[in-house]
Every structure is written in structure tokens, then in C-alpha cells.
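Data from input.csv: CSV, C-alpha atoms (C1' of nucleotides)
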chain,number,residue,atom,x,y,z
A,29,MET,CA,12.4,-17.3,37.8
A,30,LYS,CA,13.6,-14.2,39.4
A,31,LEU,CA,12.8,-10.7,38.2
A,32,THR,CA,15.5,-8.0,38.5
A,33,GLU,CA,14.9,-4.2,38.0
A,34,ILE,CA,17.5,-1.6,37.4
A,35,ASP,CA,17.4,2.1,36.7
A,36,ALA,CA,18.1,3.1,33.2
A,37,SER,CA,17.6,6.8,32.5
A,38,ASN,CA,18.5,8.4,29.2
A,39,PHE,CA,18.3,5.0,27.5
A,40,ASP,CA,16.2,3.7,24.6
A,41,LEU,CA,16.4,0.0,24.6
A,42,ALA,CA,14.4,-0.6,21.4
A,43,MET,CA,16.4,2.0,19.4
A,44,THR,CA,19.7,0.7,20.8
A,45,LEU,CA,18.9,-2.9,19.8
A,46,GLY,CA,17.5,-1.8,16.4
A,47,SER,CA,20.3,0.4,15.4
A,48,GLY,CA,22.4,-2.2,13.5
A,49,GLN,CA,25.1,-2.7,16.1
A,50,VAL,CA,23.8,-6.0,17.3
A,51,PHE,CA,21.8,-8.7,15.5
A,52,HIS,CA,20.4,-11.3,17.8
A,53,TRP,CA,17.7,-9.7,19.9
A,54,ASP,CA,14.1,-10.6,19.2
A,55,GLY,CA,11.2,-8.4,20.2
A,56,ILE,CA,8.7,-10.5,22.1
A,57,ASP,CA,5.8,-9.5,24.3
A,58,GLY,CA,6.8,-5.9,24.6
A,59,GLY,CA,10.4,-6.9,25.6
A,60,PHE,CA,13.5,-8.4,24.0
A,61,LEU,CA,14.8,-11.9,24.2
A,62,GLY,CA,18.5,-12.6,23.6
A,63,THR,CA,21.8,-13.5,25.3
A,64,ILE,CA,24.5,-11.5,27.0
A,65,GLY,CA,27.5,-13.6,26.6
A,66,ASP,CA,26.4,-17.0,27.7
A,67,ARG,CA,23.4,-15.7,29.7
A,68,PRO,CA,19.9,-16.0,28.3
A,69,VAL,CA,18.1,-12.8,29.0
A,70,TRP,CA,14.7,-11.3,28.6
A,71,VAL,CA,14.6,-7.5,29.1
A,72,GLU,CA,11.8,-5.0,29.0
A,73,GLN,CA,11.9,-1.2,29.3
A,74,GLN,CA,9.2,0.7,31.2
A,75,GLY,CA,10.1,4.3,31.4
A,76,ASP,CA,13.4,4.6,33.2
A,77,ILE,CA,13.3,1.1,34.5
A,78,LEU,CA,14.6,-2.1,32.9
A,79,LYS,CA,12.9,-5.3,34.0
A,80,ILE,CA,15.1,-8.4,33.5
A,81,ARG,CA,14.6,-12.1,33.6
A,82,THR,CA,17.6,-14.4,33.1
A,83,GLY,CA,18.0,-18.1,32.6
A,84,ASP,CA,21.0,-20.5,32.4
A,85,LEU,CA,22.5,-22.5,29.7
A,86,ASP,CA,21.7,-26.1,29.9
A,87,CYS,CA,25.4,-26.9,30.2
A,88,LEU,CA,26.0,-24.8,33.3
A,89,LYS,CA,23.3,-24.8,35.9
A,90,GLN,CA,24.1,-22.1,38.4
A,91,SER,CA,21.0,-20.3,39.8
A,92,ASN,CA,23.2,-18.8,42.5
A,93,LEU,CA,21.1,-16.2,44.3
A,94,GLU,CA,23.9,-15.1,46.7
A,95,THR,CA,26.2,-14.0,44.0
A,96,ASP,CA,23.6,-12.6,41.7
A,97,ASP,CA,25.1,-9.9,39.5
A,98,THR,CA,22.3,-9.8,36.9
A,99,GLY,CA,21.7,-6.0,37.3
A,100,ARG,CA,25.4,-5.1,37.0
A,101,MET,CA,25.9,-7.4,34.0
A,102,VAL,CA,23.0,-6.0,32.1
A,103,ALA,CA,23.9,-2.4,33.0
A,104,ASN,CA,27.4,-3.0,31.8
A,105,TYR,CA,26.3,-4.6,28.5
A,106,PHE,CA,24.0,-1.7,27.7
A,107,ALA,CA,26.7,0.8,28.8
A,108,LEU,CA,24.3,2.6,31.1
A,109,ASP,CA,27.4,4.2,32.7
A,110,HIS,CA,28.3,6.1,29.4
A,111,PRO,CA,27.7,9.8,30.1
A,112,LEU,CA,25.3,10.3,27.3
A,113,ALA,CA,24.5,13.9,27.8
A,114,GLU,CA,28.2,14.7,27.7
A,115,ILE,CA,28.8,12.5,24.7
A,116,SER,CA,26.1,13.9,22.6
A,117,GLY,CA,27.1,17.3,23.7
A,118,SER,CA,30.5,16.7,22.2
A,119,PHE,CA,29.1,16.2,18.7
A,120,PRO,CA,29.7,19.0,16.2
A,121,ASP,CA,27.0,21.6,15.9
A,122,ASP,CA,25.8,21.2,12.3
A,123,PRO,CA,22.4,20.5,10.7
A,124,ALA,CA,22.9,16.9,9.9
A,125,MET,CA,24.3,16.1,13.3
A,126,ASN,CA,21.7,18.1,15.2
A,127,ALA,CA,18.9,16.2,13.4
A,128,ALA,CA,20.5,12.9,14.2
A,129,ARG,CA,21.2,13.8,17.8
A,130,SER,CA,17.6,14.8,18.6
A,131,TYR,CA,16.2,11.8,16.7
A,132,CYS,CA,18.4,9.2,18.5
A,133,ARG,CA,18.1,10.3,22.1
A,134,GLY,CA,18.8,7.4,24.4
A,135,LEU,CA,20.7,5.3,21.8
A,136,ARG,CA,23.8,3.8,23.4
A,137,ILE,CA,26.8,2.0,22.0
A,138,ILE,CA,26.7,-1.3,23.9
A,139,ARG,CA,29.6,-3.5,25.1
A,140,GLN,CA,29.6,-6.7,23.0
A,141,PRO,CA,31.6,-9.8,23.6
A,142,LYS,CA,34.7,-9.6,21.3
A,143,TRP,CA,34.5,-12.9,19.5
A,144,GLU,CA,30.8,-12.7,18.9
A,145,CYS,CA,31.0,-9.2,17.6
A,146,LEU,CA,34.0,-9.9,15.3
A,147,ALA,CA,32.3,-13.0,13.9
A,148,MET,CA,29.1,-11.3,13.2
A,149,PHE,CA,30.7,-8.3,11.5
A,150,ILE,CA,32.7,-10.7,9.3
A,151,CYS,CA,29.3,-12.2,8.3
A,152,SER,CA,27.9,-8.7,7.8
A,153,SER,CA,30.0,-7.9,4.7
A,154,MET,CA,27.8,-7.2,1.7
A,155,LYS,CA,24.6,-8.0,3.7
A,156,GLN,CA,21.7,-6.0,5.0
A,157,VAL,CA,20.6,-6.0,8.6
A,158,ALA,CA,17.7,-8.3,8.1
A,159,HIS,CA,19.9,-10.9,6.5
A,160,ILE,CA,22.6,-10.6,9.1
A,161,ARG,CA,20.0,-11.4,11.7
A,162,GLN,CA,19.2,-14.6,10.0
A,163,ILE,CA,22.8,-15.6,9.8
A,164,SER,CA,23.2,-14.9,13.5
A,165,LYS,CA,20.2,-17.1,14.3
A,166,LYS,CA,21.4,-20.0,12.2
A,167,LEU,CA,24.9,-20.0,13.7
A,168,ARG,CA,23.4,-19.9,17.2
A,169,ASP,CA,20.8,-22.5,16.6
A,170,ARG,CA,23.2,-24.9,14.9
A,171,PHE,CA,26.4,-24.5,16.9
A,172,GLY,CA,25.5,-22.6,20.1
A,173,GLU,CA,24.7,-23.9,23.6
A,174,ALA,CA,21.0,-24.1,24.3
A,175,GLY,CA,19.4,-22.3,27.2
A,176,LYS,CA,16.2,-20.8,28.3
A,177,VAL,CA,14.4,-18.0,30.0
A,178,ASP,CA,11.2,-19.2,31.5
A,179,ALA,CA,9.9,-21.5,28.8
A,180,LYS,CA,11.6,-19.8,25.9
A,181,ILE,CA,14.5,-21.6,24.3
A,182,LEU,CA,17.4,-19.8,22.8
A,183,HIS,CA,21.1,-20.4,22.0
A,184,ALA,CA,24.2,-18.6,22.9
A,185,PHE,CA,26.7,-17.5,20.2
A,186,PRO,CA,29.1,-20.4,19.5
A,187,SER,CA,32.7,-20.1,20.7
A,188,ALA,CA,35.6,-19.6,18.3
A,189,THR,CA,36.7,-23.1,19.3
A,190,ARG,CA,33.3,-24.6,18.3
A,191,LEU,CA,33.2,-22.8,15.0
A,192,ALA,CA,36.9,-23.8,14.4
A,193,GLN,CA,35.8,-27.4,14.5
A,194,SER,CA,33.1,-26.9,11.9
A,195,SER,CA,33.6,-27.0,8.2
A,196,GLU,CA,33.2,-24.5,5.4
A,197,ALA,CA,30.4,-26.5,4.1
A,198,GLU,CA,28.5,-26.5,7.4
A,199,LEU,CA,29.0,-22.8,7.7
A,200,ARG,CA,27.7,-22.3,4.1
A,201,GLU,CA,24.5,-24.0,5.2
A,202,CYS,CA,24.0,-21.0,7.5
A,203,ALA,CA,23.7,-18.8,4.5
A,204,LEU,CA,27.2,-17.4,4.8
A,205,GLY,CA,28.2,-17.8,1.2
A,206,TYR,CA,31.8,-16.8,0.5
A,207,ARG,CA,32.1,-15.5,4.1
A,208,ALA,CA,32.2,-19.1,5.4
A,209,LYS,CA,35.8,-19.4,4.5
A,210,ASN,CA,36.8,-16.2,6.2
A,211,LEU,CA,34.8,-16.9,9.4
A,212,LEU,CA,36.3,-20.4,9.6
A,213,ALA,CA,39.9,-19.1,9.1
A,214,THR,CA,39.4,-16.4,11.7
A,215,ALA,CA,37.8,-18.8,14.2
A,216,ARG,CA,40.8,-21.0,13.9
A,217,LEU,CA,43.2,-18.1,14.6
A,218,VAL,CA,41.2,-17.0,17.6
A,219,ALA,CA,40.7,-20.5,19.0
A,220,SER,CA,44.5,-21.1,18.8
A,221,LYS,CA,45.2,-17.8,20.4
A,222,GLU,CA,47.3,-16.8,17.5
A,223,ALA,CA,44.8,-14.0,17.5
A,224,ASP,CA,44.3,-13.2,21.2
A,225,LEU,CA,41.3,-10.9,21.2
A,226,GLU,CA,41.3,-10.3,25.0
A,227,LYS,CA,45.0,-9.4,25.0
A,228,TRP,CA,44.5,-6.9,22.2
A,229,SER,CA,42.5,-4.7,24.6
A,230,ALA,CA,45.7,-3.2,25.7
A,231,LEU,CA,46.8,-2.1,22.3
A,232,PRO,CA,46.4,1.5,21.1
A,233,ASP,CA,43.8,2.2,18.4
A,234,ILE,CA,46.3,2.0,15.5
A,235,ASP,CA,47.8,-1.3,16.5
A,236,LEU,CA,44.4,-2.8,17.3
A,237,ARG,CA,43.1,-1.8,13.9
A,238,ALA,CA,46.1,-3.3,12.2
A,239,ARG,CA,45.7,-6.6,14.1
A,240,LEU,CA,42.0,-6.9,13.3
A,241,CYS,CA,42.6,-6.0,9.6
A,242,ALA,CA,45.1,-8.8,9.3
A,243,LEU,CA,42.3,-11.4,10.0
A,244,PRO,CA,40.6,-13.0,7.0
A,245,GLY,CA,37.4,-11.2,6.1
A,246,VAL,CA,38.3,-8.1,8.1
A,247,GLY,CA,38.9,-4.8,6.3
A,248,ALA,CA,38.8,-1.2,7.6
A,249,LYS,CA,35.0,-1.1,7.9
A,250,VAL,CA,34.6,-4.3,9.9
A,251,ALA,CA,37.6,-3.5,12.0
A,252,ASN,CA,36.2,-0.2,13.0
A,253,CYS,CA,32.8,-1.8,13.9
A,254,VAL,CA,34.5,-4.3,16.1
A,255,MET,CA,36.7,-1.6,17.7
A,256,LEU,CA,33.6,0.5,18.4
A,257,PHE,CA,31.2,-2.2,19.5
A,258,ALA,CA,33.5,-4.6,21.4
A,259,TYR,CA,36.6,-2.7,22.4
A,260,GLU,CA,34.9,0.5,23.4
A,261,ARG,CA,37.0,2.7,21.1
A,262,LEU,CA,34.5,5.4,20.8
A,263,ARG,CA,36.4,7.4,18.2
A,264,SER,CA,36.2,4.6,15.7
A,265,PHE,CA,34.1,5.7,12.7
A,266,PRO,CA,33.0,2.9,10.5
A,267,ILE,CA,32.1,4.1,7.0
A,268,ASP,CA,29.6,1.9,5.2
A,269,VAL,CA,27.4,3.0,2.2
A,270,TRP,CA,24.9,4.7,4.4
A,271,ILE,CA,27.4,6.8,6.2
A,272,GLU,CA,29.3,7.5,3.0
A,273,ARG,CA,26.1,8.8,1.5
A,274,VAL,CA,25.4,11.0,4.5
A,275,LEU,CA,29.0,12.4,4.5
A,276,ARG,CA,28.9,13.1,0.8
A,277,GLU,CA,25.5,14.7,0.8
A,278,LYS,CA,25.7,16.7,4.0
A,279,TYR,CA,29.4,17.6,4.3
A,280,PHE,CA,30.7,17.5,0.7
A,281,PRO,CA,27.6,18.7,-1.3
A,282,ARG,CA,28.2,19.1,-5.1
A,283,LYS,CA,31.8,18.0,-4.8
A,284,ARG,CA,33.0,15.2,-7.1
A,285,LYS,CA,36.2,13.3,-6.5
A,286,VAL,CA,35.8,12.8,-2.8
A,287,THR,CA,37.8,9.7,-2.0
A,288,ALA,CA,37.3,7.2,0.8
A,289,SER,CA,40.5,8.4,2.5
A,290,THR,CA,39.3,12.0,2.4
A,291,LEU,CA,36.1,11.0,4.1
A,292,SER,CA,37.7,9.0,6.9
A,293,ALA,CA,40.2,11.8,7.5
A,294,PHE,CA,37.4,14.3,7.6
A,295,ALA,CA,35.4,12.2,10.0
A,296,ALA,CA,38.3,11.7,12.4
A,297,VAL,CA,38.7,15.5,12.9
A,298,HIS,CA,35.1,16.7,12.5
A,299,PHE,CA,33.4,14.3,14.8
A,300,GLY,CA,36.0,14.1,17.5
A,301,GLU,CA,36.5,11.9,20.5
A,302,HIS,CA,33.1,10.3,20.4
A,303,GLY,CA,33.0,10.0,16.6
A,304,GLY,CA,31.7,6.4,16.8
A,305,TYR,CA,28.7,7.6,18.7
A,306,ALA,CA,28.2,10.4,16.2
A,307,GLN,CA,28.4,7.8,13.4
A,308,GLN,CA,25.8,5.5,15.0
A,309,TYR,CA,23.4,8.4,15.4
A,310,LEU,CA,23.9,9.5,11.8
A,311,PHE,CA,23.6,5.9,10.6
A,312,HIS,CA,20.4,5.2,12.5
A,313,HIS,CA,18.8,8.5,11.5
A,314,ALA,CA,19.7,8.0,7.8
A,315,ARG,CA,18.3,4.5,7.8
A,316,THR,CA,15.1,4.9,9.8
A,317,ALA,CA,14.0,8.5,10.0
A,318,PRO,CA,10.9,9.3,7.9
A,319,ARG,CA,11.9,11.1,4.7
A,320,LEU,CA,10.0,14.1,3.3
A,321,VAL,CA,7.6,13.2,0.6
A,322,GLY,CA,9.0,13.7,-2.8
A,323,SER,CA,12.6,13.4,-1.8
A,324,ARG,CA,12.6,9.6,-1.7
A,325,LYS,CA,11.4,9.1,-5.3
A,326,SER,CA,14.2,7.5,-7.2
A,327,ALA,CA,14.4,9.5,-10.4
A,328,GLY,CA,16.5,7.0,-12.4
A,329,LYS,CA,14.7,3.8,-11.6
A,330,GLY,CA,12.4,3.5,-14.5
A,331,LEU,CA,15.3,3.9,-17.0
A,332,ASN,CA,17.6,1.1,-16.0
A,333,ARG,CA,15.5,-1.9,-16.6
A,334,LYS,CA,17.6,-3.9,-18.9
A,335,ALA,CA,20.8,-2.5,-20.0
A,336,LYS,CA,23.8,-3.7,-18.0
A,337,ALA,CA,25.8,-1.0,-19.8
A,338,ARG,CA,23.9,1.6,-18.0
A,339,SER,CA,24.7,0.4,-14.5
A,340,LYS,CA,27.7,2.6,-14.5
A,341,ILE,CA,25.6,5.7,-15.0
A,342,ASP,CA,23.3,4.5,-12.3
A,343,ARG,CA,26.1,4.1,-9.9
A,344,VAL,CA,27.1,7.7,-10.3
A,345,LYS,CA,23.5,8.9,-9.8
A,346,ARG,CA,22.6,6.7,-6.8
A,347,PRO,CA,24.3,8.7,-4.0
A,348,GLY,CA,22.1,11.6,-5.0
A,349,LEU,CA,18.8,10.1,-4.0
B,21,DC,C1',43.6,3.3,-10.1
B,22,DT,C1',39.4,-0.2,-11.9
B,23,DC,C1',36.6,-4.3,-12.0
B,24,DC,C1',34.0,-8.0,-9.9
B,25,DA,C1',32.6,-12.4,-7.4
B,26,DG,C1',29.0,-13.7,-4.1
B,27,DG,C1',23.8,-14.7,-2.6
B,28,DG,C1',19.5,-13.9,-0.2
B,29,DA,C1',16.2,-10.2,1.2
B,30,DT,C1',13.8,-6.5,-0.5
B,31,DG,C1',11.1,-3.5,-3.3
B,32,DA,C1',9.5,-2.3,-7.9
B,33,DT,C1',6.9,-3.8,-11.7
C,19,DA,C1',5.6,-14.0,-11.0
C,20,DT,C1',10.5,-11.8,-12.5
C,21,DC,C1',14.1,-8.6,-11.9
C,22,DA,C1',17.3,-5.0,-10.3
C,23,DT,C1',19.3,-3.5,-6.2
C,24,DC,C1',21.7,-3.6,-2.0
C,25,DC,C1',26.4,-4.4,0.1
C,26,DA,C1',32.6,-5.3,2.2
C,27,DT,C1',36.5,-7.6,1.2
C,28,DG,C1',40.1,-9.4,-1.4
C,29,DG,C1',42.2,-10.6,-5.5
C,30,DA,C1',43.0,-10.0,-10.6

Could the structure of this file be written out as C-alpha cells, please?
Amino acid sequence: MKLTEIDASNFDLAMTLGSGQVFHWDGIDGGFLGTIGDRPVWVEQQGDILKIRTGDLDCLKQSNLETDDTGRMVANYFALDHPLAEISGSFPDDPAMNAARSYCRGLRIIRQPKWECLAMFICSSMKQVAHIRQISKKLRDRFGEAGKVDAKILHAFPSATRLAQSSEAELRECALGYRAKNLLATARLVASKEADLEKWSALPDIDLRARLCALPGVGAKVANCVMLFAYERLRSFPIDVWIERVLREKYFPRKRKVTASTLSAFAAVHFGEHGGYAQQYLFHHARTAPRLVGSRKSAGKGLNRKAKARSKIDRVKRPGL
DNA sequence: CTCCAGGGATGAT
DNA sequence: ATCATCCATGGA
């Protein structure tokens, strides 16, 4: 097995893979094992160098050394060509953004395969990252093509065609719950090319978002994730509960009646042309940065044990913690 | 506009 | 061990 090395400055592999934009990489032996499209890959960062080992899928043996493009393929996937200094320099200068910017140095928005990204974000609805990772693994192990890097076995993400041939019951066995129906319906649209994901690359943001939102299981949040992580639309600003909390706390403090559309309109103008990057930095910072002692104690928790009737009150209080 | 299904991990008790 | 909480979409 061949080892490839490439330069990767201003890049933090572990933070990038752990920031909730992609769900299938496993940390192993100081590196990460996963797939890039159909290629099994093991990658490890040592300073400004990425060390890479690749394998093949069992179904297509092709160890073709003459046309080896491993380095370019990996550099493209991790978007090492994004001008990160320029991008983070374009973020607004405000306290929340500045804290996230310095915390997330080296975090990149990667270029994911479109179908895989769309499918996983359909599965992500109402799920937390740990659980989405399990869904990804189950779908891969059950429906994906097997391959290996050295002796390590792993599976590529199944094609839309393959999932279109499965059943809702089979998908439910992968812990998808009600998402199974949406994933299956969307897989069929994609497999039939009624939804031509590659062709949609040519559409302007507005039209692309409209097409994505017309797919079963895709609303504004999922569409924005797919636009950002698979279509390189770096303005797209997905708003989930974490980001909503950040926006309300940091940018609309002590204001009630801030609607979802107010927030997305604000985000579009405040964070600018690389808003998606800004969003990812704010998201990762909010989720993983150590909190000050005392500020993380949930004041209302002891009170809401039993009464369902109180859940309404709780909901109003939550964003404040 | 509001309400709520859905289900497995997670953290509090 | 139980129990509340986390969560996006789509339909009532």
C-alpha cells in the first residue's frame, strides 16, 4: 500500500471532521479512516503535512500507479485551496464572531459528494451528531460497497440507485424512523434523474434551494446544509437550534418576538459572502468550546420533573441557558 | 399563526 | 434503574 503526502497549511483535520458537517470518519491510530466518494482513505495530519493511504473498493480493482491522483483528490475534498485567511478575514468584527474565528482556526468547509450529503442531511433531521454517525454507518455497512485500506474494512456510501431498490422497512432497520420514507422517496427521484443533482450545480442559489426544498424530507435547514457542504455555496447559512441560540443571545439580546425569517434575513446581510463559513465557526464554537463555570448550570432543570403542562414555560426559558 | 409525531442517545437523578 | 431533553420537517 502506497503512502502519499501532501502539504496542508492552515488546516485542522480533526476539527474539520468533528465539526458536524460530515458523519462517517472514524478516528483510528491518530488518523482518520473513511471514504472520499468511492475511495477508502486513511489520513493523518502531522503539522502541515497530510499522510494518506488509499485502498480500492472490492468491486473495482484499479491500483493504477501511473494515473495516481490521490493527493489532488484529497486536497480537493478537504478544500485546501479555499483562501482561509481571506475567508475568515471577511467575517464581521464582533465579539461572538471573533471568539469563534480564533477558536476554529484551520476549520474548512469540505466538498462532499452531492447524493451522500443530501441523504445524510435528510437523515439528520431531529437527530444529534452522535446518532447521525450511527445512521451513516448502518446505511454504509448494509447497502454500500465494501473496500479496504490495508487490512481495515469499510464501506462506501450507497448510491441513490441502490437505496431506491431498498424498502422503507429495511431503511427503518438502520434507525431512520420516520426519515426512512423521505430518504426512499428522494433516492427514487435522484436515481431516476427526475432530480438531477449534478445538473443543479448550474442553478443560482435561489433556484437550487427551491429544487432541494421540493424533495421529500428537505426543508430550508437541510437545503442550506447541502448547498454549503456539497454545492460550495459559501453564503448558505443553515440555522439549526444551536445557531438560533447563538443568534438570539449574541445578536438579539433581550429581544422577544424574533422570528425565524428575521434571523435568516439578518444572517444573510451580517455575515456576508462567506456566511456559511461564519455559521460553521459559530456552530462549532457554541457546541464544543469550554463554557465558563457557572454559566452552564441549567436553572430550570430541577423544577420540571413531572408536569407536562410546564414544558411550555421551559421552552421559553431554554434559549437563555 | 400553533401543535405535534417520531425514536435513540445523552445526561440528570 | 428511570426520565426528560434534544432535534427538522410536514401535515393537521

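Near chain B, within 9 Å and counting only C-alpha atoms (C1' of nucleotides), the residues of chain A are Met154, Lys155, Gln156, Ala158, His159, Ala203, Leu204, Gly205, Tyr206, Arg207 and Lys329 of chain A.
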
Review point. Given the choices A:Glu277, A:Asp57, A:Asp122, A:Asp268, which gets closest to DA26 (chain C) if the distance is worked out from all atoms listed in the file?
Key: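 Going through A:Glu277, A:Asp57, A:Asp122, A:Asp268 one by one, the smallest distance to DA26 (chain C) is for A:Asp268.
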
**Study point:** Separation of CA of Thr98 (chain A) from CA of Arg67 (chain A) in Å
**Key:** 9.4 Å

Check your understanding: Which distance in Å separates CA of Asp40 (chain A) and CA of Gly134 (chain A), to one decimal?
Key ->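 CA of Asp40 (chain A) sits 4.5 Å away from CA of Gly134 (chain A).
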
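Between CA of Lys249 (chain A) and CA of Val269 (chain A) there is a distance of 10.3 Å.
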
Practice item. Tell me the residues of chain C close to chain A, meaning within 9 Å using all atoms listed in the file, as a PyMOL selection string. Key: chain C and resi 21-22+24-28

Check your understanding: Which residues, written as JSON, numbers by chain, have at least one atom at most 10 Å from region 224-227 of chain A, with all atoms listed in the file counted and residues fewer than 6 positions away on the same chain left out?
Key -> {"A": [141, 142, 143, 146, 217, 218, 236, 239, 240, 259]}

Check your understanding: Quick one: of A:Ser130, A:Met255, A:Leu41, A:Leu167, who's nearest to Ala113 (chain A), counting only C-alpha atoms?
Key ->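 Of A:Ser130, A:Met255, A:Leu41, A:Leu167, the one nearest Ala113 (chain A) is A:Ser130, counting only C-alpha atoms.
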
Exercise for review: Pick out the residues sitting within 9 Å of Met125 (chain A), and hand them over as a VMD selection string; count all atoms listed in the file, and ignore anything fewer than 6 positions along from it in its own chain.
Suggested key: chain A and resid 119 306 309 to 310
